[in-house]
Amino acid sequence: MRVLVVTAIAGLFTSMSLWASCAHYEMRVDGLACPYCAYGIEKKLTAIDGVQGFDVDLEAGIVRVDVSDGVVLTEGAMKQLFNDAGFTYRGMTISHSEKNDNKVPE
């Protein structure tokens, strides 16, 4: 019984740490000019399973997207998404990090 409880607790901590990790994408996009542009991008991104959050910086032309661990946004898919929305996709960078729910959004 003791082994079962210890195993269950260890499994819980392992699954919690896996669930907390995420991938962060930062995409350079030309043509973002107004809040309506950001809303159009929001609708397209939230339709993708696993998108946890995003931010659109209109001035810099940067779209930041956080996705669940294991979700992959490909260059081809993002180019198609932005081009279909009327914007020019320039490229993206990807980083993996531990998600901190207590972190204040920038």
# chains A, B, ... in the order shown; residues from 1 in each chain; ligands from 1
$ residues_around --residues "A:Ile94" --least-positions-apart "4" --cutoff "8 Å" --atoms "only C-alpha atoms" --output "ChimeraX atom specification"
/A:23-26
$ residues_around --residues "stretch 32-46 of chain A" --least-positions-apart "6" --cutoff "9 Å" --atoms "only C-alpha atoms" --output "ChimeraX atom specification"
/A:52-63,65,81-82,85,87-88
$ select_by_dssp --residues "stretch 17-101 of chain A" --states "strand (DSSP E)" --output "PyMOL selection string"
chain A and resi 21-30+51-57+62-68+88-98
$ closest_residue --among "A:Ser97, A:Arg90, A:Ile48, A:Arg28" --to "A:Asp69" --atoms "only C-alpha atoms"
A:Ser97
$ residues_around --residues "A:Met78" --least-positions-apart "5" --cutoff "9 Å" --atoms "only C-alpha atoms" --output "JSON, numbers by chain"
{"A": [27, 73, 83, 89, 91, 92]}
$ write_last_selection --atoms "C-alpha atoms" --output "PDB file, in the first residue's frame"
ATOM      1  CA  MET A  27       6.915  35.502 -35.290  1.00  0.00           C
ATOM      2  CA  LEU A  73       3.684  25.326 -35.197  1.00  0.00           C
ATOM      3  CA  ASN A  83      -0.791  35.096 -45.708  1.00  0.00           C
ATOM      4  CA  TYR A  89       5.010  36.286 -42.658  1.00  0.00           C
ATOM      5  CA  GLY A  91       9.895  34.071 -39.935  1.00  0.00           C
ATOM      6  CA  MET A  92       9.874  32.790 -36.368  1.00  0.00           C
TER       7      MET A  92
END
